[in-house]
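Accompanying notes for the structure given below.
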Amino acid sequence: MAPWTKTISERYGVVKWNFVAKSEKQLSLVIGDTVHIQESCEGWYKGYVIKNKERKGAFPASFIVLKEVTIEKRGDEEIITSAEMPLVKEVTTTLREWGSIWKQLYVVRRLDVGGILLIHKIIYSILELDVVVRDADGNILDPERASVISLFRAHEDATAKITERIKEEQVFISLSFKETTCLYVFVRNFVCRIGEDSELFMSLYDPIKQTNISENYLVRWGDKGLPKDIEMLNSLKVVFTDLGNKDLGREKIYLICQIVRVGRMDLKDTNHKKCTMGLRRPFGVAVMDISDIIKGKTECDEEKQYFIPFHPVIAENDFLHTLLNKVTTSRGDSGGQGLWVTMKALVGDIVQIRKEYPHLVDRSTVVARKLGFPEIIMPGDIRNDIYLTLHSGDFDKYIKTTQKNVEVIMLVCDEEGKNSICLGAGDRPVNEYRSVIYYQIKQPRWMETFKVAIPLEEMPRIHLRFMFRHRSSQESKDKSERNFAMAFVRLMKEDGTVLRDGIHELTVFKGDSKRMEEVSSYLSLPSERSHSDSHKAATLMRSSSSVGGLSVSSRDTLTIATLVCSTKLTQNVGLLGLLKWRTRPEMLKQNLQELKLIDGEEVVKFLQDTLDALFNIMMEHSQTDDYDILVFDALIYIIGLIADRKFQHFNTVLEAYIKQHFSATLAYKKLMSVLKTYLDVSSRGEACEPILRTLKALEYIFKFIVPFCLFLFQGDTFQHIQDIVSSLLRTINRTVITMGREHALIVSLKPLDHLFSLSFSLFKDFLMETFLLFKDLIGKHVYPSDWVTMIMVQNRVFLQAINTYADTMNHKFLDNNSFEVQLWNNYFHLAVAFITQESLQLQHFSPTKRSKILAKYGDMRRLIGFAIRDMWYKLGKNKICFIPGMVGPILEMTLIPEEELRRATIPIFFDMMQCEHNHSGNFRKFENEIILKLDHEVEGGGGDERYMDMRAHFVTLVTGLLERLLDYRTVMSDDSRNNRMSCTVNLLNFYKDINREGMYIRYLYKLRDLHLDGENYTEAAYTLLLHSKLLKWSEEQCTLQLDFQTPQSQRQLKESLYDTIISYFDKGKMWEEAITLCKELADQFEMEVFDYELLGQKLNQQAKFYESIMKILRPKPDYFAVGYYGCGFPQFLRNKVFIHRGKEYERREDFQSQLMSQFPSAVRLNITTMPGDDIKNSNMQYIQCFTVQPVLEIPPRLKNKPVPDQIINFYKSNYVQRFQYSRPIRRGKVDPDNEFALITVFHIYNWLKVLNKSTTVSPLENAIETMGQTNEKILTMINQYQCDDALPINPLSMLLNGIVDPAVMGGFAKYEKAFFTEEYMHEHHEDRDKLMRLKDLIAWQIPLLGRGISLHGKRVTDDLRPFHERMEECFKQLKKKVEKEYGVRELPDTDERRSTRPRSMLRSVRQSTHTHTHTHTHTHRLFAVMS
């Protein structure tokens, strides 16, 4: 092969095809990459890809398109760039950068944004590229030649154009589109055997809070199984609207339907002529969990039909609300009855979804609104809804022998007795509302919600009247019944506010039924029960004649609940007083002061009226300043509300008000006067609490002021503004620190950034303030992230200023007499904040962007880093003042992946250690701080492997910690929960070994959270148990180790932990461990703290766990050995084997598939032997996975005792320390007729770290073990079927048939042929006892099979009866043969009790089948990977 030669003209090219390297010397290429070519040889190039200069290699020349280049010499370095036109280069660079980002979004993260976002939003929001500003000719503005102001204006103009373009393309997309969700529901059919008319009340429901989310949608269903209005048959459509983020954040959301039948009192009454008809009676509910649908987790096809099962009331006096709560927490059989619906979650408000989904939502679709306002109140959303819930009542039977069947009739009345009422969504208005009747119930609980619709002008005259009547099931008796009581409530209070939301207990009146209907007889009486009305009510009870013949019924009560959703009616007296301030001017001051106490939702509903009132107050008191500050503060409060995201849509309302409605011409003087007063107070350093809120609202304050200033154009006005600006500057310097970059005040100050580079070396206080200001401007992202040019210009100014100030500090504040610790501390923290800011972290940028920044501005981090190093070493003996305070900031700086910077700054740590050692004889403070900060920084994303290598000679403690933290950080974004657990265990064990209890506990809770995420409750319990073991049963106070921990004693914390652990053990069905902790707690309650009440609770809980052990079936999981081989795995996995406990009923194929998905590039090994060194040392990843069997170790207290299966079975899969798996090895000559006799089983034990412990088991021993396991399996399954009638019959059928059917090859027939021959017995005299053991096991199998077949016969269905009869016939033949050759065995009689089998049977069979043992190698069980 010819030698490689240096290229001269072939220096730069673009990859046109993908190339995959076949060896380490070759370089993989991706289409579109740019490469620098250094050498060539026979059709091959050698060089590197520009985005990764460190990796060099060879690649085919035919894969490259060569480009012309320009070569610039910089010392010994050649700078090679494309010779293309600047515009072509810019477009190419941009497209290449887009391509790499798209690949990351689509290929790696699988992001799907197709069809959702417009192109400009994709470019600027998804790709997160930078704004490039140009001059009028289209040339890129050079920050070296353009002024800061012109750069800033250019960025503003470019951003405005981009924003305007997005708005133009999204003209039909409202802001509420992102915030509001609707649920479309189409009722297809209702299948239910009722026989009478019914009413279906559908709504959204929160089962956790047990409250309705939306108003009801009412469907009236006929007795023929069709809608009452047949024209609605295919039009039963509803949209539940106004669902916001808080609603979607609910843990559960259900679609519920409450069914009320309308007809007879009792469905069993057959004589329709004599029965009272038209009674509303409870019938049942239908519920469906729609959480995933409405939250968008489940894709919904609008044609897919969902079945919502119906659950009837058990008895017709059962409350529907109670049944609803039961059904949402448990499931039952609906018998095929229920609702058929289609549904779809739609994003947007009602206006938007009508445009977007006209085929689903049209004008005929019913709209069911949310109970309450949406999270974002849209301007112009006028609403005046009053929702009333008929809550509950209590009615005495008086002279009746049984309780009343109470019906509540509600009417909306005015003072003249006229009435009208509206039920709500999907139904026509009705004149009265009649409640559901619960049969002979003293305390009915209706929980029926409906909407009252009343014109606004009639509200002051309206009240609600409730009439109570006993309803009889017989029509003749029912006609004679009269109203026995009544109640009422006004909707408007005397002070003009609307009825408050919440529960109202109404006063119930009794008397003549006709008088109850006369408004004048009751309207002056107290409507609600309250302490203030008690005297009046008592007087009323003593003298009923004076008030229209009605008296208070002390033994009857009615409770209602109301919710007012109105943009015109307020429940707040203060707000009403402010809006109508002229009626009571003496309350004006109080009303202004209390405005900020009013809920913001109430204020923004009346925004224009409130602003008018405020400015009218100011104008009508123009000759005095009594109310100026109060009005100003109120205005600031309202502007602050508008800034709240919840009310952001009211920005447009406020802007429109200023432009169109604001007419208080002289208000600007008062506003400026108060503003200047606040600024003056603040500038003097005096406390001025409102100043911060005022500065945040400054944008709108000036919008109120400026129009009139421009109009008047008077000299004193300009002087006034000049005074404001001069006063404001100092205030800004002190307050801007606390303000966000998005605020208008900060925006207005952006062009002034360059002024701060001036040196004020003589002013120490000003330096300290400026350092704080710079630090916060850096941290709060003054400019948008895509204004990269402005950001870099600002950083360059900051760098110059910081270096200037550093010179001043070296000259003026370094010697001992003038040394200022706080000033130097501020400097170091500012410098570190500058070096670590996001905008300077070049490693996070694309290669193109990184190259541009380095070429234009250099790496500012290196410059400031070297300055920090130099300043540190100049401190001399003052260094001790900054230990350990500066450990964290310096560490944060050294974690930046820049080689030169690290080399310069890491030695500072050694200097710190030496300084502290010289001062105090140790470096304990440094050690503690470095451990704590290193943990936080690396977990947060700092550091890399190279950093660890550079510090390899640092203290062993730090190196070990970093290794674990990097592993931890690497797998925190990994899909493998097991990997994250393993790393977390490594870390907490490390902290335990070095006695760092606080960090140890911190990672215990991280591990606990990982387990809870995977629903590994048992492992979570064991994790918390480690924390509890650190605590004592004492009153000693705990050290606060966690952020959420509250001060408490060790006993209190340990008791709380035990309760949590017990609940986790309960969820994980690990009741044995829960019982142990219950006993320990019970002992404390009985013997130490003498709390017998808690003792009783704990004993009850303990009893429940014992019962669960015996009655609840716990499926047996499988265990899998997983080996990770090859150097491609992280250190904590490499060449190690772990035992994994599978989930319930998880197959090895499913487990292995899920495992391989976590390592898509791994190769699966289909062997069970240990792989060779070639695989272990390979750079690839190999995964080995196979099933292992847990080795049962019965606890000593249970050995040789008649223990029920439920107890023994637990130890087959838990407390397991040893596992085994088998593979056959062939020896000797193979006999094709009897291959089984030559198979030997090889047992290998593999644990967390591979152990090659093995034993060879003879074929006869294997036969004995297999036969014993088969008998045990039959025995276990018999017990399961005796305990649970609901188990399917198939597993039992397969097990029994597989043994007794002669067509199944194998079984003990093979054993007979292999071992029960004269030849075998002659050659193996030593196996005589083993042969007898095998024969005994075969004999014992017959009675077990007999018991199983008998049980099978009782459970088998008719269609499987022939199968069973054939199995019985096979068993008879088998039994006859075995009993003849091996003797008869008999099981004891059983009574088939469901709890367990008789003890004698267990003893005889178990002792017969478990007499052999093997020696095994023990290993420790780690909860991180093994249950």
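Residues are named by chain letter and number: chains run A, B, ... in the order of the structure tokens, numbers start at 1 in each chain, and ligands are numbered from 1 in the order shown.
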Quick one: residues within 8 Å of stretch 281-289 of chain A, only C-alpha atoms counted, chain neighbours fewer than 2 positions away excluded, as a PyMOL selection string?
-> chain A and resi 252-263+265+279+291-292+308-313+316-320+323-324+327-328+338-339+436-438
Determine, counting only C-alpha atoms, which protein, DNA and RNA residues have an atom within 8 Å of an atom of A:Glu1193; residues of the same chain fewer than 4 positions away are not included. Present the result as number ranges by chain.
-> A: 1211-1212, 1216
List the neighbours of A:Asp33 out to 10 Å using only C-alpha atoms; skip same-chain residues closer than 6 positions along the sequence, and give me the result as a list in words.
->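 In the requested form, the answer reads Gly13, Val14, Val15, Lys16, Trp17, Asn18, Val49, Ile50, Lys51, Ile64, Arg96 and Ser100 of chain A.
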Using only N, CA and C atoms, please write the residues we just selected to a file, as a compact mmCIF listing (two decimals), in the first residue's frame.
# COMPACT_ATOMS: atom_id res chain seq x y z
N GLY A 13 -14.37 19.45 2.41
CA GLY A 13 -15.42 18.80 1.63
C GLY A 13 -16.68 18.56 2.45
N VAL A 14 -17.73 18.14 1.72
CA VAL A 14 -19.02 17.84 2.33
C VAL A 14 -19.36 16.38 2.05
N VAL A 15 -19.84 15.66 3.05
CA VAL A 15 -20.17 14.24 2.92
C VAL A 15 -21.48 14.10 2.15
N LYS A 16 -21.49 13.26 1.10
CA LYS A 16 -22.71 13.08 0.30
C LYS A 16 -23.39 11.73 0.56
N TRP A 17 -22.72 10.79 1.22
CA TRP A 17 -23.34 9.53 1.61
C TRP A 17 -22.88 9.16 3.01
N ASN A 18 -23.71 8.43 3.71
CA ASN A 18 -23.31 7.93 5.03
C ASN A 18 -22.23 6.87 4.88
N VAL A 49 -14.02 15.26 11.14
CA VAL A 49 -15.25 16.01 10.97
C VAL A 49 -15.12 17.29 11.78
N ILE A 50 -15.54 18.42 11.21
CA ILE A 50 -15.31 19.72 11.84
C ILE A 50 -15.95 19.79 13.23
N LYS A 51 -17.12 19.15 13.40
CA LYS A 51 -17.79 19.26 14.69
C LYS A 51 -17.14 18.40 15.76
N ILE A 64 -17.07 12.08 -0.71
CA ILE A 64 -16.86 13.49 -0.38
C ILE A 64 -17.01 14.35 -1.62
N ARG A 96 -27.65 23.28 7.96
CA ARG A 96 -26.94 22.18 8.62
C ARG A 96 -27.28 22.14 10.11
N SER A 100 -29.27 19.04 12.21
CA SER A 100 -28.82 18.31 13.40
C SER A 100 -29.84 18.40 14.53
Using only C-alpha atoms, which residues sit within 8 Å of A:Arg445 once same-chain residues fewer than 4 positions away are excluded, as number ranges by chain?
-> A: 319, 321, 391-393
State, in Å with one decimal place, the distance from atom CA of A:Asp859 to atom CA of A:Phe882.
->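 Computing it gives 27.0 Å between the two atoms.
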Using DSSP on the backbone coordinates, identify the residues of stretch 829-927 of chain A assigned to helix (DSSP H, G or I); present them as a compact mmCIF listing (two decimals) with N, CA, C and O atoms, in the first residue's frame.
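Resulting contents of states-v1.txt:
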# COMPACT_ATOMS: atom_id res chain seq x y z
N HIS A 829 -18.27 35.91 43.99
CA HIS A 829 -19.56 35.32 43.59
C HIS A 829 -20.03 35.89 42.25
O HIS A 829 -20.63 35.17 41.44
N LEU A 830 -19.76 37.16 42.00
CA LEU A 830 -20.10 37.74 40.70
C LEU A 830 -19.28 37.07 39.60
O LEU A 830 -19.83 36.70 38.54
N ALA A 831 -17.99 36.92 39.83
CA ALA A 831 -17.12 36.33 38.81
C ALA A 831 -17.53 34.89 38.50
O ALA A 831 -17.56 34.48 37.33
N VAL A 832 -17.86 34.13 39.53
CA VAL A 832 -18.29 32.74 39.31
C VAL A 832 -19.64 32.70 38.60
O VAL A 832 -19.87 31.87 37.72
N ALA A 833 -20.56 33.60 38.99
CA ALA A 833 -21.85 33.67 38.29
C ALA A 833 -21.65 33.98 36.82
O ALA A 833 -22.35 33.44 35.95
N PHE A 834 -20.70 34.85 36.53
CA PHE A 834 -20.41 35.20 35.13
C PHE A 834 -19.87 34.00 34.38
O PHE A 834 -20.32 33.68 33.27
N ILE A 835 -18.93 33.31 34.97
CA ILE A 835 -18.26 32.21 34.26
C ILE A 835 -19.17 31.00 34.07
O ILE A 835 -19.01 30.22 33.13
N THR A 836 -20.15 30.86 34.96
CA THR A 836 -21.02 29.67 34.89
C THR A 836 -22.37 29.97 34.25
O THR A 836 -23.23 29.08 34.19
N GLU A 838 -25.37 30.37 31.66
CA GLU A 838 -25.76 29.47 30.58
C GLU A 838 -25.29 29.95 29.22
O GLU A 838 -24.88 29.16 28.36
N SER A 839 -25.31 31.25 28.99
CA SER A 839 -24.98 31.78 27.67
C SER A 839 -23.51 31.63 27.30
O SER A 839 -23.14 31.85 26.15
N LEU A 840 -22.65 31.26 28.26
CA LEU A 840 -21.22 31.08 27.97
C LEU A 840 -20.81 29.61 27.92
O LEU A 840 -19.63 29.32 27.71
N LEU A 842 -20.25 26.89 26.08
CA LEU A 842 -20.11 26.60 24.65
C LEU A 842 -20.35 25.13 24.34
O LEU A 842 -20.74 24.79 23.22
N GLN A 843 -20.12 24.24 25.30
CA GLN A 843 -20.28 22.81 25.04
C GLN A 843 -21.73 22.44 24.73
O GLN A 843 -22.01 21.38 24.18
N HIS A 844 -22.67 23.31 25.11
CA HIS A 844 -24.09 23.03 24.86
C HIS A 844 -24.55 23.55 23.50
O HIS A 844 -25.70 23.29 23.12
N PRO A 847 -21.92 23.01 16.85
CA PRO A 847 -20.55 23.35 16.41
C PRO A 847 -20.49 24.68 15.67
O PRO A 847 -19.54 25.44 15.84
N THR A 848 -21.51 24.96 14.88
CA THR A 848 -21.51 26.21 14.11
C THR A 848 -21.58 27.41 15.03
O THR A 848 -20.79 28.37 14.90
N LYS A 849 -22.51 27.38 15.97
CA LYS A 849 -22.66 28.50 16.89
C LYS A 849 -21.41 28.65 17.77
O LYS A 849 -20.94 29.77 18.03
N ARG A 850 -20.86 27.52 18.19
CA ARG A 850 -19.65 27.58 19.03
C ARG A 850 -18.50 28.22 18.27
O ARG A 850 -17.78 29.05 18.83
N SER A 851 -18.34 27.84 17.02
CA SER A 851 -17.24 28.40 16.21
C SER A 851 -17.40 29.89 16.02
O SER A 851 -16.43 30.65 16.08
N LYS A 852 -18.65 30.33 15.77
CA LYS A 852 -18.89 31.75 15.57
C LYS A 852 -18.54 32.56 16.82
O LYS A 852 -17.89 33.61 16.74
N ILE A 853 -18.96 32.07 17.98
CA ILE A 853 -18.71 32.80 19.22
C ILE A 853 -17.23 32.87 19.52
O ILE A 853 -16.69 33.92 19.89
N LEU A 854 -16.52 31.74 19.34
CA LEU A 854 -15.08 31.73 19.62
C LEU A 854 -14.34 32.66 18.67
O LEU A 854 -13.41 33.36 19.08
N ALA A 855 -14.77 32.68 17.41
CA ALA A 855 -14.09 33.54 16.45
C ALA A 855 -14.31 35.02 16.75
O ALA A 855 -13.41 35.84 16.55
N LYS A 856 -15.49 35.37 17.25
CA LYS A 856 -15.83 36.77 17.44
C LYS A 856 -15.45 37.28 18.83
O LYS A 856 -14.94 38.40 18.98
N TYR A 857 -15.69 36.47 19.86
CA TYR A 857 -15.53 36.96 21.24
C TYR A 857 -14.50 36.17 22.04
O TYR A 857 -14.13 36.60 23.14
N MET A 860 -14.73 33.67 26.94
CA MET A 860 -14.64 34.60 28.08
C MET A 860 -14.45 33.86 29.40
O MET A 860 -13.96 34.43 30.38
N ARG A 861 -14.87 32.59 29.46
CA ARG A 861 -14.73 31.84 30.71
C ARG A 861 -13.27 31.69 31.11
O ARG A 861 -12.92 31.77 32.29
N ARG A 862 -12.40 31.47 30.13
CA ARG A 862 -10.98 31.31 30.44
C ARG A 862 -10.41 32.60 31.01
O ARG A 862 -9.66 32.58 31.99
N LEU A 863 -10.79 33.74 30.40
CA LEU A 863 -10.25 35.02 30.84
C LEU A 863 -10.65 35.32 32.28
O LEU A 863 -9.82 35.69 33.12
N ILE A 864 -11.94 35.16 32.60
CA ILE A 864 -12.39 35.47 33.95
C ILE A 864 -11.91 34.42 34.93
O ILE A 864 -11.63 34.72 36.10
N GLY A 865 -11.76 33.17 34.46
CA GLY A 865 -11.24 32.11 35.32
C GLY A 865 -9.82 32.38 35.76
O GLY A 865 -9.46 32.21 36.93
N PHE A 866 -8.98 32.80 34.83
CA PHE A 866 -7.60 33.15 35.17
C PHE A 866 -7.56 34.34 36.12
O PHE A 866 -6.72 34.39 37.04
N ALA A 867 -8.48 35.28 35.94
CA ALA A 867 -8.53 36.44 36.83
C ALA A 867 -8.92 36.02 38.24
O ALA A 867 -8.35 36.51 39.24
N ILE A 868 -9.88 35.09 38.37
CA ILE A 868 -10.28 34.59 39.69
C ILE A 868 -9.09 33.91 40.37
O ILE A 868 -8.84 34.11 41.56
N ARG A 869 -8.35 33.09 39.60
CA ARG A 869 -7.18 32.42 40.16
C ARG A 869 -6.17 33.43 40.69
O ARG A 869 -5.67 33.30 41.82
N ASP A 870 -5.88 34.47 39.89
CA ASP A 870 -4.90 35.46 40.30
C ASP A 870 -5.38 36.23 41.54
O ASP A 870 -4.60 36.49 42.47
N MET A 871 -6.65 36.59 41.56
CA MET A 871 -7.19 37.32 42.71
C MET A 871 -7.13 36.46 43.97
O MET A 871 -6.87 36.97 45.07
N TRP A 872 -7.37 35.15 43.82
CA TRP A 872 -7.34 34.27 45.00
C TRP A 872 -5.95 34.25 45.62
O TRP A 872 -5.80 34.38 46.84
N TYR A 873 -4.94 34.07 44.79
CA TYR A 873 -3.59 33.96 45.32
C TYR A 873 -3.09 35.29 45.92
O TYR A 873 -2.15 35.30 46.72
N GLY A 876 -3.55 36.20 50.18
CA GLY A 876 -2.61 35.93 51.27
C GLY A 876 -3.30 35.29 52.46
O GLY A 876 -4.08 34.33 52.32
N LYS A 877 -3.04 35.80 53.66
CA LYS A 877 -3.59 35.20 54.86
C LYS A 877 -5.09 35.44 55.01
O LYS A 877 -5.74 34.84 55.86
N ASN A 878 -5.64 36.30 54.16
CA ASN A 878 -7.09 36.54 54.22
C ASN A 878 -7.89 35.42 53.56
O ASN A 878 -9.12 35.43 53.60
N LYS A 879 -7.20 34.43 52.97
CA LYS A 879 -7.92 33.33 52.31
C LYS A 879 -8.83 32.58 53.28
O LYS A 879 -9.90 32.11 52.90
N ILE A 880 -8.40 32.47 54.53
CA ILE A 880 -9.18 31.68 55.51
C ILE A 880 -10.58 32.26 55.69
O ILE A 880 -11.51 31.53 56.07
N CYS A 881 -10.76 33.54 55.36
CA CYS A 881 -12.09 34.16 55.49
C CYS A 881 -13.09 33.58 54.50
O CYS A 881 -14.30 33.74 54.66
N PHE A 882 -12.59 32.93 53.46
CA PHE A 882 -13.46 32.44 52.38
C PHE A 882 -13.54 30.91 52.34
O PHE A 882 -13.93 30.32 51.34
N VAL A 887 -15.78 27.31 48.56
CA VAL A 887 -15.55 25.97 48.02
C VAL A 887 -16.58 25.65 46.94
O VAL A 887 -16.25 25.17 45.85
N GLY A 888 -17.85 25.92 47.24
CA GLY A 888 -18.91 25.62 46.28
C GLY A 888 -18.77 26.39 44.99
O GLY A 888 -18.79 25.80 43.90
N PRO A 889 -18.61 27.73 45.03
CA PRO A 889 -18.45 28.47 43.77
C PRO A 889 -17.24 28.04 42.95
O PRO A 889 -17.34 27.92 41.73
N ILE A 890 -16.08 27.80 43.62
CA ILE A 890 -14.90 27.36 42.88
C ILE A 890 -15.14 25.98 42.27
O ILE A 890 -14.75 25.71 41.13
N LEU A 891 -15.80 25.10 43.01
CA LEU A 891 -16.10 23.77 42.49
C LEU A 891 -17.00 23.88 41.26
O LEU A 891 -16.77 23.21 40.25
N GLU A 892 -17.99 24.74 41.35
CA GLU A 892 -18.89 24.94 40.21
C GLU A 892 -18.11 25.40 38.98
O GLU A 892 -18.38 24.98 37.85
N MET A 893 -17.11 26.22 39.21
CA MET A 893 -16.29 26.73 38.10
C MET A 893 -15.41 25.61 37.52
O MET A 893 -15.26 25.51 36.30
N THR A 894 -14.84 24.77 38.38
CA THR A 894 -13.95 23.72 37.87
C THR A 894 -14.70 22.63 37.13
O THR A 894 -14.09 21.86 36.38
N GLU A 899 -10.50 22.50 29.40
CA GLU A 899 -9.25 21.95 29.93
C GLU A 899 -8.37 23.01 30.60
O GLU A 899 -7.94 22.85 31.75
N GLU A 900 -8.09 24.09 29.91
CA GLU A 900 -7.19 25.11 30.44
C GLU A 900 -7.75 25.74 31.71
O GLU A 900 -7.01 26.02 32.66
N LEU A 901 -9.04 25.96 31.72
CA LEU A 901 -9.67 26.54 32.89
C LEU A 901 -9.53 25.61 34.10
O LEU A 901 -9.24 26.05 35.21
N ARG A 902 -9.72 24.32 33.87
CA ARG A 902 -9.60 23.37 34.97
C ARG A 902 -8.16 23.31 35.50
O ARG A 902 -7.95 23.26 36.71
N ARG A 903 -7.23 23.29 34.59
CA ARG A 903 -5.83 23.23 35.03
C ARG A 903 -5.47 24.44 35.88
O ARG A 903 -4.65 24.36 36.80
N ALA A 904 -6.09 25.58 35.57
CA ALA A 904 -5.76 26.81 36.28
C ALA A 904 -6.44 26.89 37.64
O ALA A 904 -5.90 27.49 38.58
N THR A 905 -7.62 26.29 37.76
CA THR A 905 -8.42 26.52 38.97
C THR A 905 -8.46 25.35 39.94
O THR A 905 -8.69 25.56 41.14
N PRO A 907 -6.04 23.63 41.24
CA PRO A 907 -5.05 23.79 42.34
C PRO A 907 -5.53 24.69 43.47
O PRO A 907 -4.97 24.64 44.57
N ILE A 908 -6.56 25.50 43.22
CA ILE A 908 -7.08 26.34 44.31
C ILE A 908 -7.56 25.47 45.46
O ILE A 908 -7.44 25.84 46.64
N PHE A 909 -8.09 24.27 45.17
CA PHE A 909 -8.56 23.37 46.22
C PHE A 909 -7.41 22.96 47.15
O PHE A 909 -7.56 22.91 48.37
N PHE A 910 -6.27 22.65 46.55
CA PHE A 910 -5.13 22.27 47.38
C PHE A 910 -4.66 23.43 48.24
O PHE A 910 -4.28 23.26 49.40
N ASP A 911 -4.75 24.61 47.67
CA ASP A 911 -4.39 25.80 48.44
C ASP A 911 -5.35 26.00 49.60
O ASP A 911 -4.95 26.38 50.70
N MET A 912 -6.62 25.74 49.37
CA MET A 912 -7.62 25.85 50.44
C MET A 912 -7.34 24.85 51.55
O MET A 912 -7.39 25.18 52.75
N MET A 913 -7.02 23.60 51.16
CA MET A 913 -6.73 22.57 52.16
C MET A 913 -5.51 22.97 52.99
O MET A 913 -5.50 22.85 54.23
N GLN A 914 -4.48 23.43 52.32
CA GLN A 914 -3.26 23.82 53.03
C GLN A 914 -3.52 25.00 53.94
O GLN A 914 -3.04 25.03 55.09
N CYS A 915 -4.32 25.96 53.45
CA CYS A 915 -4.63 27.14 54.24
C CYS A 915 -5.39 26.77 55.51
O CYS A 915 -5.05 27.22 56.61
N GLU A 916 -6.41 25.91 55.38
CA GLU A 916 -7.18 25.51 56.55
C GLU A 916 -6.33 24.67 57.50
O GLU A 916 -6.43 24.79 58.73
N HIS A 917 -5.47 23.80 56.93
CA HIS A 917 -4.62 22.97 57.77
C HIS A 917 -3.64 23.83 58.57
O HIS A 917 -3.41 23.57 59.77
N ASN A 918 -3.09 24.84 57.94
CA ASN A 918 -2.19 25.74 58.65
C ASN A 918 -2.91 26.53 59.73
O ASN A 918 -2.33 26.86 60.77
N HIS A 919 -4.18 26.80 59.49
CA HIS A 919 -4.93 27.63 60.43
C HIS A 919 -5.46 26.83 61.62
O HIS A 919 -5.41 27.28 62.77
N SER A 920 -5.97 25.60 61.34
CA SER A 920 -6.64 24.84 62.40
C SER A 920 -6.10 23.43 62.60
O SER A 920 -6.60 22.69 63.44
N ARG A 924 -11.21 19.83 57.93
CA ARG A 924 -12.53 19.23 58.09
C ARG A 924 -13.62 20.06 57.40
O ARG A 924 -14.52 19.53 56.74
N LYS A 925 -13.57 21.38 57.54
CA LYS A 925 -14.59 22.24 56.91
C LYS A 925 -14.55 22.10 55.39
O LYS A 925 -15.58 21.99 54.74
N PHE A 926 -13.34 22.08 54.85
CA PHE A 926 -13.20 21.93 53.40
C PHE A 926 -13.75 20.58 52.95
O PHE A 926 -14.47 20.48 51.97
N GLU A 927 -13.40 19.54 53.69
CA GLU A 927 -13.84 18.18 53.32
C GLU A 927 -15.37 18.08 53.32
O GLU A 927 -15.98 17.57 52.38
Point-to-point distance from atom CA of A:His1352 to atom CA of A:Cys1283, Å rounded to tenths | 13.7 Å
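When only C-alpha atoms are used to measure the gap to A:Lys237, the shortest distance among A:Pro1195, A:Gly426, A:Gly336, A:Pro1130 belongs to A:Gly426.
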Could you state the separation of atom CA of A:Glu156 and atom CA of A:Asp776 in Å, given to one decimal place?
->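 Value for the atom CA of A:Glu156-atom CA of A:Asp776 distance: 22.3 Å.
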Hey, what's within 10 Å of A:Arg264 if we count only C-alpha atoms and toss same-chain stuff fewer than 2 positions away? As a ChimeraX atom specification, please?
-> /A:196,261-262,266-272,274-281,472-475
Could the residues in this selection be written to a file with C-alpha atoms, as a short mmCIF file (atom, residue, chain, number, x, y, z; two decimals), in the first residue's frame?
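The new file again_10.cif reads:
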data_model
loop_
_atom_site.label_atom_id
_atom_site.label_comp_id
_atom_site.auth_asym_id
_atom_site.auth_seq_id
_atom_site.Cartn_x
_atom_site.Cartn_y
_atom_site.Cartn_z
CA GLU A 196 -90.69 3.40 33.24
CA ARG A 261 -86.79 6.69 37.26
CA VAL A 262 -90.10 8.54 37.04
CA ASP A 266 -92.22 0.67 44.11
CA LEU A 267 -91.50 -1.07 40.82
CA LYS A 268 -93.05 -4.26 42.24
CA ASP A 269 -96.50 -2.63 42.39
CA THR A 270 -98.42 -4.06 39.43
CA ASN A 271 -101.72 -2.24 39.86
CA HIS A 272 -100.94 0.91 37.92
CA LYS A 274 -104.08 2.57 42.19
CA CYS A 275 -100.42 3.64 42.27
CA THR A 276 -99.24 7.20 42.49
CA MET A 277 -97.38 7.98 39.29
CA GLY A 278 -94.78 10.58 38.35
CA LEU A 279 -92.65 10.09 41.43
CA ARG A 280 -88.89 10.57 41.00
CA ARG A 281 -87.14 7.55 42.55
CA SER A 472 -97.89 8.03 49.37
CA SER A 473 -97.53 5.06 47.08
CA GLN A 474 -101.34 4.83 46.77
CA GLU A 475 -102.90 7.52 44.62
#
